[in-house]
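target_32.pdb (PDB, C-alpha atoms)
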MODEL        1
ATOM      1  CA  MET A 976      -9.302   2.519 -11.426
ATOM      2  CA  SER A 977      -6.862   5.415 -11.605
ATOM      3  CA  GLN A 978      -5.615   6.607  -8.222
ATOM      4  CA  ALA A 979      -3.900  10.007  -8.326
ATOM      5  CA  TRP A 980      -1.113  10.822  -5.891
ATOM      6  CA  ASN A 981       0.077  14.199  -4.697
ATOM      7  CA  ALA A 982       3.420  13.789  -2.938
ATOM      8  CA  SER A 983       3.091  16.979  -0.860
ATOM      9  CA  GLN A 984      -0.387  16.023   0.348
ATOM     10  CA  TYR A 985       0.847  12.515   1.135
ATOM     11  CA  ILE A 986       3.879  13.738   3.097
ATOM     12  CA  ASN A 987       1.759  16.231   5.071
ATOM     13  CA  HIS A 988      -1.143  13.936   5.937
ATOM     14  CA  ALA A 989      -0.023  10.318   5.468
ATOM     15  CA  SER A 990       3.531  10.211   6.813
ATOM     16  CA  PHE A 991       2.292   7.580   9.289
ATOM     17  CA  VAL A 992       2.547   5.030   6.454
ATOM     18  CA  ALA A 993       6.354   5.170   6.403
ATOM     19  CA  GLU A 994       6.558   5.663  10.165
ATOM     20  CA  HIS A 995       4.945   2.244  10.661
ATOM     21  CA  GLY A 996       7.425   0.626   8.272
ATOM     22  CA  SER A 997      10.270  -0.074  10.714
ATOM     23  CA  PRO A 998       9.185  -3.673  11.547
ATOM     24  CA  VAL A 999       9.260  -4.514   7.837
ATOM     25  CA  LEU A1000      12.712  -2.959   7.521
ATOM     26  CA  ASP A1001      13.848  -5.141  10.419
ATOM     27  CA  LEU A1002      12.451  -8.165   8.591
ATOM     28  CA  LEU A1003      14.293  -7.143   5.424
ATOM     29  CA  ASN A1004      17.555  -6.735   7.384
ATOM     30  CA  PRO A1005      19.479  -5.163   4.466
ATOM     31  CA  LYS A1006      23.158  -6.009   4.205
ATOM     32  CA  LEU A1007      26.039  -3.770   3.216
ATOM     33  CA  GLY A1008      26.422  -3.762  -0.549
ATOM     34  CA  GLU A1009      23.180  -5.578  -1.350
ATOM     35  CA  ARG A1010      21.155  -4.359  -4.326
ATOM     36  CA  ILE A1011      17.525  -3.875  -3.310
ATOM     37  CA  LEU A1012      14.391  -2.902  -5.240
ATOM     38  CA  ASP A1013      11.814  -0.841  -3.356
ATOM     39  CA  LEU A1014       8.522  -1.721  -5.051
ATOM     40  CA  GLY A1015       5.971   1.091  -4.675
ATOM     41  CA  CYS A1016       8.553   3.342  -3.060
ATOM     42  CA  GLY A1017       6.272   6.375  -2.758
ATOM     43  CA  ASP A1018       8.167   9.509  -1.765
ATOM     44  CA  GLY A1019      11.233   7.450  -0.861
ATOM     45  CA  ALA A1020      11.165   7.790   2.938
ATOM     46  CA  LEU A1021      11.866   4.099   3.561
ATOM     47  CA  THR A1022      14.021   3.800   0.443
ATOM     48  CA  GLN A1023      16.313   6.346   2.037
ATOM     49  CA  ASP A1024      16.383   4.379   5.293
ATOM     50  CA  ILE A1025      17.453   1.232   3.408
ATOM     51  CA  GLU A1026      20.170   3.144   1.595
ATOM     52  CA  GLN A1027      21.476   4.521   4.887
ATOM     53  CA  MET A1028      21.889   0.925   6.072
ATOM     54  CA  GLY A1029      24.497   0.419   3.354
ATOM     55  CA  ALA A1030      22.488  -1.170   0.570
ATOM     56  CA  SER A1031      22.218   0.046  -3.010
ATOM     57  CA  VAL A1032      18.523   0.787  -3.553
ATOM     58  CA  HIS A1033      16.417   1.501  -6.613
ATOM     59  CA  GLY A1034      12.817   2.653  -6.182
ATOM     60  CA  VAL A1035       9.903   2.217  -8.555
ATOM     61  CA  ASP A1036       6.412   3.672  -8.304
ATOM     62  CA  SER A1037       3.598   4.288 -10.763
ATOM     63  CA  SER A1038       3.200   7.906  -9.602
ATOM     64  CA  GLU A1039       5.287  10.616 -11.260
ATOM     65  CA  SER A1040       4.687  12.934  -8.294
ATOM     66  CA  MET A1041       6.020  10.353  -5.842
ATOM     67  CA  ILE A1042       9.060   9.561  -7.979
ATOM     68  CA  GLU A1043       9.899  13.263  -8.261
ATOM     69  CA  ALA A1044       9.781  13.477  -4.455
ATOM     70  CA  ALA A1045      12.032  10.408  -4.148
ATOM     71  CA  GLN A1046      14.503  11.826  -6.643
ATOM     72  CA  LYS A1047      14.610  15.095  -4.692
ATOM     73  CA  ARG A1048      15.959  13.009  -1.804
ATOM     74  CA  GLY A1049      18.829  12.045  -4.091
ATOM     75  CA  LEU A1050      17.525   8.501  -4.586
ATOM     76  CA  SER A1051      17.697   6.283  -7.643
ATOM     77  CA  ALA A1052      14.041   5.956  -8.655
ATOM     78  CA  GLU A1053      11.895   5.682 -11.785
ATOM     79  CA  VAL A1054       8.259   5.571 -12.799
ATOM     80  CA  MET A1055       7.252   1.954 -13.355
ATOM     81  CA  SER A1056       4.067  -0.003 -12.706
ATOM     82  CA  GLY A1057       4.338  -2.907 -10.288
ATOM     83  CA  ASP A1058       2.621  -5.244 -12.732
ATOM     84  CA  SER A1059       5.110  -4.540 -15.530
ATOM     85  CA  LEU A1060       8.521  -4.768 -13.874
ATOM     86  CA  SER A1061      11.313  -5.063 -16.415
ATOM     87  CA  PHE A1062      14.199  -6.395 -14.311
ATOM     88  CA  HIS A1063      15.927  -9.770 -14.626
ATOM     89  CA  ASN A1064      18.117 -11.359 -11.933
ATOM     90  CA  GLU A1065      19.243  -7.932 -10.710
ATOM     91  CA  PHE A1066      18.338  -7.709  -7.031
ATOM     92  CA  ASP A1067      19.300  -9.480  -3.819
ATOM     93  CA  ALA A1068      15.955  -8.446  -2.333
ATOM     94  CA  VAL A1069      12.649  -6.820  -3.253
ATOM     95  CA  PHE A1070      11.057  -4.738  -0.508
ATOM     96  CA  SER A1071       7.534  -3.311  -0.472
ATOM     97  CA  ASN A1072       5.630  -1.378   2.190
ATOM     98  CA  ALA A1073       1.964  -0.327   1.964
ATOM     99  CA  ALA A1074       1.899  -0.657  -1.813
ATOM    100  CA  LEU A1075       1.051  -4.192  -2.948
ATOM    101  CA  HIS A1076      -2.652  -3.754  -2.136
ATOM    102  CA  TRP A1077      -2.820  -1.109  -4.890
ATOM    103  CA  MET A1078      -1.466  -3.614  -7.441
ATOM    104  CA  ILE A1079      -4.592  -5.626  -8.143
ATOM    105  CA  ASN A1080      -3.003  -7.670 -10.944
ATOM    106  CA  GLU A1081      -1.097  -9.609  -8.288
ATOM    107  CA  GLU A1082      -0.125 -12.491 -10.576
ATOM    108  CA  SER A1083       1.839 -10.163 -12.851
ATOM    109  CA  VAL A1084       3.375  -8.434  -9.836
ATOM    110  CA  LEU A1085       4.626 -11.714  -8.374
ATOM    111  CA  SER A1086       6.002 -12.853 -11.730
ATOM    112  CA  GLY A1087       7.847  -9.555 -12.087
ATOM    113  CA  VAL A1088       9.259  -9.769  -8.567
ATOM    114  CA  SER A1089      10.485 -13.305  -9.160
ATOM    115  CA  ASN A1090      12.149 -12.272 -12.413
ATOM    116  CA  ALA A1091      13.772  -9.249 -10.760
ATOM    117  CA  LEU A1092      15.393 -11.326  -8.017
ATOM    118  CA  LYS A1093      18.669 -13.172  -8.184
ATOM    119  CA  PRO A1094      18.544 -16.883  -7.249
ATOM    120  CA  ASN A1095      17.748 -17.194  -3.511
ATOM    121  CA  GLY A1096      16.747 -13.515  -3.433
ATOM    122  CA  ARG A1097      14.371 -12.295  -0.739
ATOM    123  CA  PHE A1098      10.892 -10.784  -1.106
ATOM    124  CA  VAL A1099       9.878  -8.923   2.044
ATOM    125  CA  GLY A1100       6.818  -6.746   2.440
ATOM    126  CA  GLU A1101       3.766  -5.525   4.265
ATOM    127  CA  PHE A1102       0.442  -4.410   2.812
ATOM    128  CA  GLY A1103      -3.261  -4.422   3.478
ATOM    129  CA  GLY A1104      -4.572  -7.896   4.274
ATOM    130  CA  GLN A1105      -7.997  -9.472   4.695
ATOM    131  CA  GLY A1106     -10.287  -7.104   6.621
ATOM    132  CA  ASN A1107      -8.112  -4.023   6.101
ATOM    133  CA  VAL A1108     -10.154  -0.794   6.372
ATOM    134  CA  GLY A1109     -13.248  -2.986   6.453
ATOM    135  CA  ALA A1110     -15.477  -0.350   8.073
ATOM    136  CA  LEU A1111     -14.389   2.220   5.506
ATOM    137  CA  VAL A1112     -14.932  -0.080   2.534
ATOM    138  CA  ASN A1113     -18.386  -1.040   3.837
ATOM    139  CA  ALA A1114     -19.322   2.618   4.323
ATOM    140  CA  MET A1115     -18.086   3.653   0.881
ATOM    141  CA  THR A1116     -20.022   0.791  -0.681
ATOM    142  CA  LYS A1117     -23.217   1.810   1.130
ATOM    143  CA  VAL A1118     -22.896   5.462   0.097
ATOM    144  CA  PHE A1119     -22.517   4.495  -3.558
ATOM    145  CA  GLU A1120     -25.444   2.066  -3.322
ATOM    146  CA  SER A1121     -27.655   4.815  -1.896
ATOM    147  CA  HIS A1122     -26.769   7.228  -4.734
ATOM    148  CA  ALA A1123     -27.383   5.711  -8.152
ATOM    149  CA  GLU A1124     -26.099   8.935  -9.717
ATOM    150  CA  PHE A1125     -22.615   8.175  -8.312
ATOM    151  CA  GLY A1126     -22.297   5.110 -10.524
ATOM    152  CA  GLU A1127     -20.969   1.734  -9.404
ATOM    153  CA  PHE A1128     -18.595   1.373  -6.477
ATOM    154  CA  VAL A1129     -15.385  -0.341  -7.572
ATOM    155  CA  ASN A1130     -13.042  -1.506  -4.830
ATOM    156  CA  PRO A1131      -9.502  -0.518  -5.910
ATOM    157  CA  TRP A1132      -7.687  -2.710  -3.387
ATOM    158  CA  TYR A1133      -6.407  -6.266  -3.109
ATOM    159  CA  PHE A1134      -6.577  -7.443   0.519
ATOM    160  CA  PRO A1135      -5.811 -11.192   0.580
ATOM    161  CA  SER A1136      -5.921 -13.676   3.436
ATOM    162  CA  VAL A1137      -2.758 -15.358   4.703
ATOM    163  CA  GLU A1138      -3.803 -18.609   3.029
ATOM    164  CA  GLU A1139      -4.464 -16.969  -0.339
ATOM    165  CA  TYR A1140      -1.227 -14.992  -0.484
ATOM    166  CA  LYS A1141       0.839 -17.889   0.834
ATOM    167  CA  GLN A1142      -0.445 -20.039  -2.027
ATOM    168  CA  LYS A1143       0.238 -17.336  -4.609
ATOM    169  CA  LEU A1144       3.801 -16.891  -3.357
ATOM    170  CA  GLN A1145       4.382 -20.630  -3.560
ATOM    171  CA  ASP A1146       2.842 -20.797  -7.038
ATOM    172  CA  HIS A1147       5.420 -18.223  -8.188
ATOM    173  CA  GLY A1148       8.376 -20.137  -6.843
ATOM    174  CA  PHE A1149       8.837 -18.670  -3.372
ATOM    175  CA  HIS A1150       9.637 -20.461  -0.141
ATOM    176  CA  ILE A1151       7.882 -18.689   2.738
ATOM    177  CA  HIS A1152       9.873 -17.998   5.888
ATOM    178  CA  TYR A1153       7.191 -15.948   7.623
ATOM    179  CA  ILE A1154       3.691 -14.658   6.930
ATOM    180  CA  GLU A1155       1.195 -13.141   9.377
ATOM    181  CA  LEU A1156      -1.964 -11.038   9.457
ATOM    182  CA  ILE A1157      -1.544  -8.179  11.941
ATOM    183  CA  PRO A1158      -4.440  -5.999  13.149
ATOM    184  CA  ARG A1159      -3.028  -2.489  13.528
ATOM    185  CA  PRO A1160      -5.521   0.234  14.454
ATOM    186  CA  THR A1161      -3.863   3.411  13.217
ATOM    187  CA  PRO A1162      -4.520   6.904  14.626
ATOM    188  CA  LEU A1163      -5.207   9.516  11.943
ATOM    189  CA  GLU A1164      -3.951  12.882  13.169
ATOM    190  CA  SER A1165      -5.401  14.649  10.121
ATOM    191  CA  GLY A1166      -8.801  12.990  10.503
ATOM    192  CA  ILE A1167     -10.841  10.607   8.406
ATOM    193  CA  GLY A1168     -11.704  13.289   5.840
ATOM    194  CA  GLU A1169      -8.066  13.776   4.834
ATOM    195  CA  TRP A1170      -7.578  10.007   4.691
ATOM    196  CA  LEU A1171     -10.484   9.723   2.271
ATOM    197  CA  LYS A1172      -9.215  12.607   0.121
ATOM    198  CA  ILE A1173      -5.824  10.929  -0.235
ATOM    199  CA  PHE A1174      -6.723   7.252  -0.544
ATOM    200  CA  SER A1175     -10.152   7.216  -2.201
ATOM    201  CA  ASN A1176      -9.718   9.820  -4.929
ATOM    202  CA  GLY A1177      -9.691   7.065  -7.554
ATOM    203  CA  ILE A1178     -13.079   5.899  -6.266
ATOM    204  CA  THR A1179     -14.562   9.402  -6.438
ATOM    205  CA  LYS A1180     -12.864  10.676  -9.591
ATOM    206  CA  ASN A1181     -16.112  10.763 -11.582
ATOM    207  CA  LEU A1182     -18.075  12.664  -8.928
ATOM    208  CA  ASN A1183     -18.664  16.387  -9.236
ATOM    209  CA  PRO A1184     -17.601  18.636  -6.316
ATOM    210  CA  LYS A1185     -21.038  18.556  -4.676
ATOM    211  CA  GLN A1186     -21.254  14.774  -4.947
ATOM    212  CA  ASN A1187     -17.713  14.423  -3.634
ATOM    213  CA  ASP A1188     -18.562  16.483  -0.550
ATOM    214  CA  GLN A1189     -21.679  14.386  -0.057
ATOM    215  CA  PHE A1190     -19.591  11.210  -0.310
ATOM    216  CA  LEU A1191     -17.050  12.444   2.256
ATOM    217  CA  ASN A1192     -19.714  13.583   4.725
ATOM    218  CA  GLU A1193     -21.809  10.420   4.483
ATOM    219  CA  VAL A1194     -18.835   8.046   4.770
ATOM    220  CA  GLU A1195     -17.603   9.953   7.826
ATOM    221  CA  TYR A1196     -21.071   9.765   9.403
ATOM    222  CA  LEU A1197     -21.292   5.994   8.833
ATOM    223  CA  VAL A1198     -17.861   5.130  10.208
ATOM    224  CA  LYS A1199     -17.850   7.514  13.173
ATOM    225  CA  PRO A1200     -19.439   4.995  15.598
ATOM    226  CA  HIS A1201     -16.692   2.498  14.720
ATOM    227  CA  LEU A1202     -13.609   4.618  14.085
ATOM    228  CA  PHE A1203     -13.915   7.720  16.295
ATOM    229  CA  ILE A1204     -12.444   6.392  19.519
ATOM    230  CA  GLU A1205     -11.890   8.457  22.670
ATOM    231  CA  GLY A1206     -11.818  11.700  20.735
ATOM    232  CA  GLN A1207      -9.586  10.507  17.901
ATOM    233  CA  TRP A1208     -10.057   8.985  14.465
ATOM    234  CA  VAL A1209      -8.490   5.540  14.147
ATOM    235  CA  ALA A1210      -8.333   3.639  10.846
ATOM    236  CA  ASP A1211      -9.111  -0.089  11.053
ATOM    237  CA  TYR A1212      -5.894  -1.283   9.442
ATOM    238  CA  VAL A1213      -5.032  -4.971   9.136
ATOM    239  CA  ARG A1214      -1.608  -5.660   7.637
ATOM    240  CA  LEU A1215      -0.236  -8.755   5.921
ATOM    241  CA  ARG A1216       3.503  -9.029   6.613
ATOM    242  CA  PHE A1217       5.702 -11.643   4.992
ATOM    243  CA  SER A1218       9.213 -12.774   4.153
ATOM    244  CA  ALA A1219       9.832 -15.199   1.298
ATOM    245  CA  GLN A1220      12.755 -16.438  -0.743
ATOM    246  CA  LYS A1221      13.063 -17.236  -4.435
ATOM    247  CA  VAL A1222      13.734 -20.938  -4.789
TER     248      VAL A1222
ENDMDL
END
Reformat the file's structure so that it appears as structure tokens.
Amino acid sequence: MSQAWNASQYINHASFVAEHGSPVLDLLNPKLGERILDLGCGDGALTQDIEQMGASVHGVDSSESMIEAAQKRGLSAEVMSGDSLSFHNEFDAVFSNAALHWMINEESVLSGVSNALKPNGRFVGEFGGQGNVGALVNAMTKVFESHAEFGEFVNPWYFPSVEEYKQKLQDHGFHIHYIELIPRPTPLESGIGEWLKIFSNGITKNLNPKQNDQFLNEVEYLVKPHLFIEGQWVADYVRLRFSAQKV
């Protein structure tokens, strides 16, 4: 499924993604002079933070729009898919925030990360884990099921359990220092409609404008009892945070 990204839209309505990244940066604990790969760097907000800590950072993302935004920050960044990394023993650490759940060929991603790291290199990240946006996924599924003309609902995300991802890390030669599933209800200042426009456009790409509006309205109606809390929309985020080391 092809997800399209618009960096300006993302910065205006989804800046909370980077704003919640500070605990993962603390876990990364970049050192002066280290060479670090930011996998799925987006517009480069956290890449820039890592660089300001004294590390040498290179960002990769599959979106041209995001990479252009990162380069406008003066960052080293290039368009590259997470499941086709082309680095070999180059980095002291690989960092990833809110991106690995978009990379559904996780075996290739983990192989690429392992190859990119120097011996004993660190892999530190956070992404959607088991149960992430569960109410939203259920609602989107129901809307598609009730409209045969929409086609089949295809879930574009990989949200593993701790046990599953721990095993996959170990299978790819990583020793795990820390891994945890963290429920993190996340307020959406721009509302659930903007969230859907940004993060589900790959799901709705084959819908015409009328169908797309119908999708947005019906999903919002279904999730409102669960996600509209005390006058504010709150996404039901569950994050998987981890720190591992290449053996």
- Query: Mind telling me what the PyMOL selection byres ((chain A and resi 1143-1159) around 6) catches here, as a ChimeraX atom specification?
  - Reply: /A:1140-1142,1160-1161,1212-1222
Take the residues from that selection and put them in a file with C-alpha atoms, as a compact mmCIF listing (two decimals), keeping the file's coordinate frame.
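Saved to part.txt:
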# COMPACT_ATOMS: atom_id res chain seq x y z
CA TYR A 1140 -1.23 -14.99 -0.48
CA LYS A 1141 0.84 -17.89 0.83
CA GLN A 1142 -0.44 -20.04 -2.03
CA PRO A 1160 -5.52 0.23 14.45
CA THR A 1161 -3.86 3.41 13.22
CA TYR A 1212 -5.89 -1.28 9.44
CA VAL A 1213 -5.03 -4.97 9.14
CA ARG A 1214 -1.61 -5.66 7.64
CA LEU A 1215 -0.24 -8.76 5.92
CA ARG A 1216 3.50 -9.03 6.61
CA PHE A 1217 5.70 -11.64 4.99
CA SER A 1218 9.21 -12.77 4.15
CA ALA A 1219 9.83 -15.20 1.30
CA GLN A 1220 12.76 -16.44 -0.74
CA LYS A 1221 13.06 -17.24 -4.43
CA VAL A 1222 13.73 -20.94 -4.79
- Can you give me, as a PyMOL selection string, the residues this file yields under the PyMOL selection byres ((chain A and resi 1022) around 8)? chain A and resi 1013+1016+1019-1021+1023-1026+1032-1034+1050
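Relative to CA of Leu1191 (chain A), CA of Lys1172 (chain A) is found at 8.1 Å.
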Hey, can I get the axis-aligned box for region 1139-1149 of chain A? All listed atoms, 5 Å padding on each side, centre and edge lengths in Å to one decimal, as AutoDock Vina command-line options.
--center_x 2.2 --center_y -17.9 --center_z -3.7 --size_x 23.3 --size_y 15.8 --size_z 19.0
- Task: Run the PyMOL selection byres ((chain A and resi 1195-1200) around 9) against the file shown and list the residues it catches, as a list in words.
- Result: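 Output of the PyMOL selection byres ((chain A and resi 1195-1200) around 9): Ala1110, Leu1111, Asn1113, Ala1114, Met1115, Lys1117, Val1118, Ile1167, Gly1168, Phe1190, Leu1191, Asn1192, Glu1193, Val1194, His1201, Leu1202, Phe1203, Ile1204 and Trp1208 of chain A.
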- Nearest candidate to Ala1123 (chain A) (options A:Trp1170, A:Val1099, A:Leu1182, A:Glu1053; using all atoms listed in the file): A:Leu1182
- Distance of CA of Gly1100 (chain A) from CA of Thr1179 (chain A), expressed in Å to one decimal place: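 Interatomic distance, CA of Thr1179 (chain A) to CA of Gly1100 (chain A): 28.2 Å.
CA of Gly1015 (chain A) is found 11.6 Å from CA of Glu1039 (chain A).
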